[in-house]
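A short write-up of the structure that comes next.
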Amino acid sequence: MTNASKPRPSSRFWLLTFAALLAVGVTLSLGRWQLSRAAEKERFQASIELRGHQLVLAGSALLAGYTGDVLIHRHIEVRGHWLADKTVFLDNRQMNAKPGFYVLTPLRLKGRDEVVLVQRGWVARNFIDRAVLPPIESPVGVVTVTGRIAPPPAKLYELGETQGGAIRQNLDWAQFKAETKLPLLALSIQQQGAPSEGLLREWPQPASGIDKHYGYAFQWFGLSALITLLYVWFQLVRRFIAPKRP
């Protein structure tokens with residue numbers, strides 16, 4: 001009397017095997033890609049920290065023809081005159097979990113025609129009359145501004161096109177330059193320092209998103225391991241290894 005032969009692999013078995021191998025390959029690739037993205041962000045974060053410790057640039061660096069990628073996150077000190085009538089209040093911006101405005105004012109560089117837009121700080125808004133502009137000071141004469149070269153404030157969701165006026169949801173760089181007819185440099189300065197002129201400057205730190213990529217990588221590798229375990233259990237252990245009941 002011979003033992004019953006074990007079942008031979010069917011076409012369904014090979015199809016599931018191919019699908020499992022494909023799924024494991026894809027999830028492993030996605031996990032490795034997320035790790036590579038995390039490594040890129042770590043290098044970027046290290047470059048930000050390095051630039052933050054370099055010598056403070058003089059205002060002339062803005063006129064040296066560098067691109068924003070070269071100067072971004074460098075500390076700088078500039079002198080110039082506020083163009084207070086061109087101040088923009090970006091609505092629905094938070095600082096310390098409080099809603100208000102980011103205040104942006106163009107600064108004409110001393111002795112030059114060029115203008116740089118300065119993110120001067122944050123101010124609370126008037127919730128009784130939302131059309132009332134909060135009081136801030138824009139000293140007349142030459143002022144000294146210290147800060148870091150930064151990209152424009154992130155844009156928030158907005159229905160329709162960006163509107164003009166002092167209070168805006170977002171600032172479109174090209175539109176603002178055309179609107180004001182100012183020789184606006186393609187850089188902005190995020191002013192640093194203690195509160196002054198009615199403005200708070202506790203800016204959020206640039207988020208690198210490194211932890212997010214590590215989290216995604218863990219999810220992809222975990223999914224790959226789960227697919228492998230399920231395949232081994234249902235397609236190998238239960239089919240070929242586990243003994244058949246009489």
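We name chains A, B, ... following the order of the structure tokens; residues begin at 1 in each chain, and ligands are numbered from 1 as shown.
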Do you have, as a tab-separated table, the list of residues of range 153-246 of chain A lying at most 10 Å from range 12-18 of chain A, each with its nearest atom pair and that distance in Å to one decimal, counting only C-alpha atoms and ordered by chain then number?
```
residue	atom	partner	partner_atom	distance
A:Tyr231	CA	A:Thr17	CA	7.7
A:Val232	CA	A:Thr17	CA	9.8
A:Gln235	CA	A:Phe13	CA	7.2
A:Leu236	CA	A:Phe13	CA	9.8
A:Arg239	CA	A:Phe13	CA	9.9
```
Name all residues at most 9 Å from Trp203 in chain A (count only C-alpha atoms; drop same-chain ones fewer than 3 positions away) and give them as a VMD selection string.
-> chain A and resid 95 to 96 121 to 122 190 192 200 206
Output C-alpha atoms for every residue in the selection just made, as a PDB file, in the first residue's frame.
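Contents of result17.pdb, as written:
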```
ATOM      1  CA  MET A  95       2.644  81.278  14.847  1.00  0.00           C
ATOM      2  CA  ASN A  96       2.619  79.482  18.182  1.00  0.00           C
ATOM      3  CA  GLY A 121       7.182  88.597  11.056  1.00  0.00           C
ATOM      4  CA  TRP A 122       3.743  87.657  12.313  1.00  0.00           C
ATOM      5  CA  GLN A 190      13.026  86.001   6.590  1.00  0.00           C
ATOM      6  CA  GLN A 192      15.119  87.133  12.564  1.00  0.00           C
ATOM      7  CA  LEU A 200       6.664  88.311  16.344  1.00  0.00           C
ATOM      8  CA  PRO A 206      12.246  74.174   7.980  1.00  0.00           C
TER       9      PRO A 206
END
```
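With distances restricted to only C-alpha atoms, A:Ile149 is the closest residue to Ala61 in chain A from A:His213, A:Ile149, A:Leu90, A:Val143.
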Residues near Leu156 in chain A, cut-off 10 Å, only C-alpha atoms, skip fewer than 4 positions along chain, as a list of chain:residue names = A:Leu90, A:Asp91, A:Asn92, A:Arg93, A:Gln169, A:Asn170, A:Leu171
Residues of range 3-235 of chain A in strand (DSSP E or B) according to DSSP, as number ranges by chain?
-> A: 57-58, 75-82, 88-95, 98-109, 115-124, 142-150, 167-168, 184-191, 196, 199-200
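In this model, the gap between CA of Ile210 in chain A and CA of Ala39 in chain A comes to 7.9 Å.
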Tell me which protein, DNA and RNA residues are within 10 Å of range 75-78 of chain A, counting only C-alpha atoms, leaving out same-chain ones fewer than 3 positions away, and put them as a PyMOL selection string.
-> chain A and resi 51-62+71-72+107-110+116+143-150+189-192
Between CA of Leu22 in chain A and CA of Ile227 in chain A lies a distance of 10.4 Å
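Ranking A:Ser10, A:Glu158, A:Leu30, A:Lys177 by their shortest atom-to-atom distance to Ser224 in chain A, with only C-alpha atoms included, puts A:Leu30 first.
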Using only C-alpha atoms, which residue out of A:Ala174, A:Arg120, A:Leu21, A:Gly164 lies closest to Gly193 in chain A?
->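 Smallest distance to Gly193 in chain A is found for A:Arg120.
With CA of Gly165 in chain A on one side and CA of Arg112 in chain A on the other, the separation reads 26.3 Å.
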